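Engineer: Contents of final_22.pdb (PDB, C-alpha atoms) are below:
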```pdb
ATOM      1  CA  ILE A   1     130.432-140.709 -46.142  1.00  0.00           C
ATOM      2  CA  VAL A   2     131.841-139.993 -42.713  1.00  0.00           C
ATOM      3  CA  CYS A   3     129.134-139.254 -40.135  1.00  0.00           C
ATOM      4  CA  GLY A   4     128.523-135.586 -39.387  1.00  0.00           C
ATOM      5  CA  ASN A   5     129.295-134.217 -42.858  1.00  0.00           C
ATOM      6  CA  THR A   6     126.758-132.308 -44.903  1.00  0.00           C
ATOM      7  CA  ILE A   7     126.207-133.040 -48.602  1.00  0.00           C
ATOM      8  CA  GLY A   8     124.960-129.947 -50.430  1.00  0.00           C
ATOM      9  CA  GLN A   9     121.923-130.012 -52.672  1.00  0.00           C
ATOM     10  CA  TYR A  10     122.584-131.455 -56.163  1.00  0.00           C
ATOM     11  CA  ALA A  11     126.132-132.522 -55.222  1.00  0.00           C
ATOM     12  CA  PHE A  12     127.414-135.652 -56.968  1.00  0.00           C
ATOM     13  CA  ILE A  13     129.513-138.239 -55.125  1.00  0.00           C
ATOM     14  CA  GLY A  14     131.375-140.723 -57.306  1.00  0.00           C
ATOM     15  CA  ALA A  15     131.098-144.458 -56.621  1.00  0.00           C
ATOM     16  CA  GLY A  16     133.634-145.495 -54.005  1.00  0.00           C
ATOM     17  CA  ALA A  17     134.462-141.924 -52.957  1.00  0.00           C
ATOM     18  CA  VAL A  18     135.234-141.435 -49.275  1.00  0.00           C
ATOM     19  CA  VAL A  19     133.712-138.152 -48.108  1.00  0.00           C
ATOM     20  CA  THR A  20     135.528-136.756 -45.052  1.00  0.00           C
ATOM     21  CA  LYS A  21     134.406-133.103 -45.281  1.00  0.00           C
ATOM     22  CA  ASN A  22     131.276-131.099 -45.995  1.00  0.00           C
ATOM     23  CA  VAL A  23     130.388-130.975 -49.695  1.00  0.00           C
ATOM     24  CA  LEU A  24     129.176-127.791 -51.387  1.00  0.00           C
ATOM     25  CA  PRO A  25     125.980-127.732 -53.474  1.00  0.00           C
ATOM     26  CA  TYR A  26     126.568-128.790 -57.119  1.00  0.00           C
ATOM     27  CA  ALA A  27     130.086-130.115 -56.301  1.00  0.00           C
ATOM     28  CA  LEU A  28     131.469-133.257 -57.971  1.00  0.00           C
ATOM     29  CA  ILE A  29     133.467-135.403 -55.515  1.00  0.00           C
ATOM     30  CA  VAL A  30     135.550-138.463 -56.494  1.00  0.00           C
ATOM     31  CA  GLY A  31     138.346-140.564 -55.044  1.00  0.00           C
ATOM     32  CA  ASN A  32     139.704-141.749 -51.723  1.00  0.00           C
ATOM     33  CA  PRO A  33     139.890-139.430 -49.954  1.00  0.00           C
ATOM     34  CA  GLY A  34     137.132-137.592 -51.809  1.00  0.00           C
ATOM     35  CA  ARG A  35     138.248-134.493 -53.677  1.00  0.00           C
ATOM     36  CA  GLN A  36     136.246-131.990 -55.638  1.00  0.00           C
ATOM     37  CA  THR A  37     136.980-132.222 -59.358  1.00  0.00           C
ATOM     38  CA  GLY A  38     134.307-129.922 -60.743  1.00  0.00           C
ATOM     39  CA  TRP A  39     130.706-128.785 -60.642  1.00  0.00           C
ATOM     40  CA  MET A  40     127.512-130.452 -61.875  1.00  0.00           C
ATOM     41  CA  SER A  41     124.148-129.168 -63.064  1.00  0.00           C
ATOM     42  CA  GLU A  42     120.845-130.338 -61.615  1.00  0.00           C
ATOM     43  CA  TYR A  43     120.525-132.591 -64.687  1.00  0.00           C
ATOM     44  CA  GLY A  44     123.848-134.317 -64.029  1.00  0.00           C
ATOM     45  CA  HIS A  45     126.025-132.581 -66.612  1.00  0.00           C
ATOM     46  CA  LYS A  46     129.486-131.236 -65.822  1.00  0.00           C
ATOM     47  CA  LEU A  47     129.485-127.447 -65.806  1.00  0.00           C
ATOM     48  CA  LYS A  48     132.107-125.484 -67.730  1.00  0.00           C
ATOM     49  CA  PHE A  49     132.329-121.859 -66.602  1.00  0.00           C
ATOM     50  CA  ASN A  50     133.273-119.100 -69.045  1.00  0.00           C
ATOM     51  CA  GLU A  51     135.300-115.935 -68.384  1.00  0.00           C
ATOM     52  CA  LYS A  52     132.170-114.307 -66.892  1.00  0.00           C
ATOM     53  CA  ASN A  53     131.815-117.203 -64.406  1.00  0.00           C
ATOM     54  CA  ILE A  54     128.633-118.434 -66.135  1.00  0.00           C
ATOM     55  CA  ALA A  55     127.954-122.054 -67.166  1.00  0.00           C
ATOM     56  CA  VAL A  56     125.007-123.441 -69.140  1.00  0.00           C
ATOM     57  CA  CYS A  57     123.629-126.949 -68.643  1.00  0.00           C
ATOM     58  CA  GLU A  58     123.768-128.709 -72.008  1.00  0.00           C
ATOM     59  CA  GLU A  59     120.410-130.411 -71.445  1.00  0.00           C
ATOM     60  CA  SER A  60     118.193-127.908 -69.631  1.00  0.00           C
ATOM     61  CA  LYS A  61     119.922-124.718 -70.872  1.00  0.00           C
ATOM     62  CA  GLU A  62     119.706-123.372 -67.303  1.00  0.00           C
ATOM     63  CA  GLU A  63     122.471-120.983 -66.322  1.00  0.00           C
ATOM     64  CA  TYR A  64     124.706-121.237 -63.258  1.00  0.00           C
ATOM     65  CA  VAL A  65     127.113-118.705 -61.790  1.00  0.00           C
ATOM     66  CA  ILE A  66     130.156-119.301 -59.601  1.00  0.00           C
ATOM     67  CA  GLU A  67     131.127-116.636 -57.065  1.00  0.00           C
ATOM     68  CA  ASN A  68     133.593-117.142 -54.197  1.00  0.00           C
ATOM     69  CA  ASN A  69     133.689-120.891 -54.928  1.00  0.00           C
ATOM     70  CA  VAL A  70     129.896-121.196 -54.534  1.00  0.00           C
ATOM     71  CA  VAL A  71     127.647-122.214 -57.455  1.00  0.00           C
ATOM     72  CA  THR A  72     124.055-120.994 -57.719  1.00  0.00           C
ATOM     73  CA  LYS A  73     121.475-121.421 -60.442  1.00  0.00           C
ATOM     74  CA  LEU A  74     120.348-118.191 -62.082  1.00  0.00           C
ATOM     75  CA  THR A  75     116.619-117.594 -62.264  1.00  0.00           C
ATOM     76  CA  LYS A  76     115.017-115.918 -65.245  1.00  0.00           C
TER      77      LYS A  76
END
```
Reformat the file's structure so that it appears as structure tokens.
Structural biologist:
Amino acid sequence: IVCGNTIGQYAFIGAGAVVTKNVLPYALIVGNPGRQTGWMSEYGHKLKFNEKNIAVCEESKEEYVIENNVVTKLTK
């Protein structure tokens, strides 16, 4: 991780990834240089968004929404 970059809450960085930019919350980053390949839940499961931009964590059943390339957890 290059000094000065911010890693968002619940972001996942793959082993050996080289982070050269800020990382959004819930983002999954892999590779060299690090690239975002998806989104992760707080429980570590890859999120799959439907046509309504909603994803459900397979373990916790919590819902997440993606808007303008930003993921947030929905509260009930």
Engineer: Have a look at atom CA of Leu24 of chain A and atom CA of Thr72 of chain A and let me know their distance in Å, one decimal.
Structural biologist: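 About the pair atom CA of Leu24 of chain A and atom CA of Thr72 of chain A: they are 10.6 Å apart.
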Engineer: Determine the nearest neighbour of Val71 of chain A from the options A:Ala27, A:Thr37, A:Ile1, A:Glu51, counting all atoms listed in the file.
Structural biologist: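 Using all atoms listed in the file, Val71 of chain A sits closest to A:Ala27.
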Engineer: Using all atoms listed in the file, which residues sit within 12 Å of Gly44 of chain A once same-chain residues fewer than 6 positions away are excluded, as a VMD selection string?
Structural biologist: chain A and resid 10 to 14 26 to 28 38 57 to 60
Engineer: Find the residues around segment 65-69 of chain A up to 12 Å (all atoms listed in the file counted), leave out those fewer than 6 positions away in its own chain, and share them as a ChimeraX atom specification.
Structural biologist: /A:23-27,36,38-41,47-57,75
Engineer: May I ask for the distance between atom CA of Gly31 of chain A and atom CA of Gly16 of chain A, given in Å to one decimal place?
Structural biologist: 6.9 Å
Engineer: Between A:Leu74, A:Thr6, A:Gly34, A:Lys46, which has the minimum distance to Val19 of chain A (counting all atoms listed in the file)?
Structural biologist: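 Residue with the minimum atom-to-atom distance to Val19 of chain A: A:Gly34.
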Engineer: Go ahead and compute the interatomic distance for atom CA of Asn5 of chain A and atom CA of Asn32 of chain A, in Å to one decimal.
Structural biologist: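 Straight-line distance from atom CA of Asn5 of chain A to atom CA of Asn32 of chain A works out to 15.6 Å.
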Engineer: From the set A:Gln9, A:Gly4, A:Val30, A:Ala17, which residue has the shortest atom-to-atom contact distance to Lys73 of chain A, counting all atoms listed in the file?
Structural biologist: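 With all atoms listed in the file as the atom set, the closest residue is A:Gln9.
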Engineer: Could you write out as lines of an AutoDock Vina configuration file the box around segment 2-8 of chain A (axis-aligned, all atoms listed in the file, 8 Å on each side), with centre and edge lengths in Å to one decimal?
Structural biologist:
```
center_x = 128.4
center_y = -135.0
center_z = -44.9
size_x = 22.9
size_y = 26.0
size_z = 27.0
```
Engineer: Restricting the calculation to all atoms listed in the file, which member of A:Ile29, A:Val70, A:Glu62, A:Arg35 is positioned closest to Ala15 of chain A?
Structural biologist: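 Selected residue with least distance to Ala15 of chain A: A:Ile29.
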Engineer: Can you pull out the residues contacting Cys3 of chain A? Cut-off 12 Å, using only C-alpha atoms, and skip same-chain residues under 5 positions away; I want them as a list in words.
Structural biologist: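 These residues fall inside the cut-off: Val18, Val19, Thr20, Lys21 and Asn22 of chain A.
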Engineer: Now that the selection is made, can you save its residues with C-alpha atoms as a PDB file, in the coordinates of the input?
Structural biologist:
```
ATOM      1  CA  VAL A  18     135.234-141.435 -49.275  1.00  0.00           C
ATOM      2  CA  VAL A  19     133.712-138.152 -48.108  1.00  0.00           C
ATOM      3  CA  THR A  20     135.528-136.756 -45.052  1.00  0.00           C
ATOM      4  CA  LYS A  21     134.406-133.103 -45.281  1.00  0.00           C
ATOM      5  CA  ASN A  22     131.276-131.099 -45.995  1.00  0.00           C
TER       6      ASN A  22
END
```
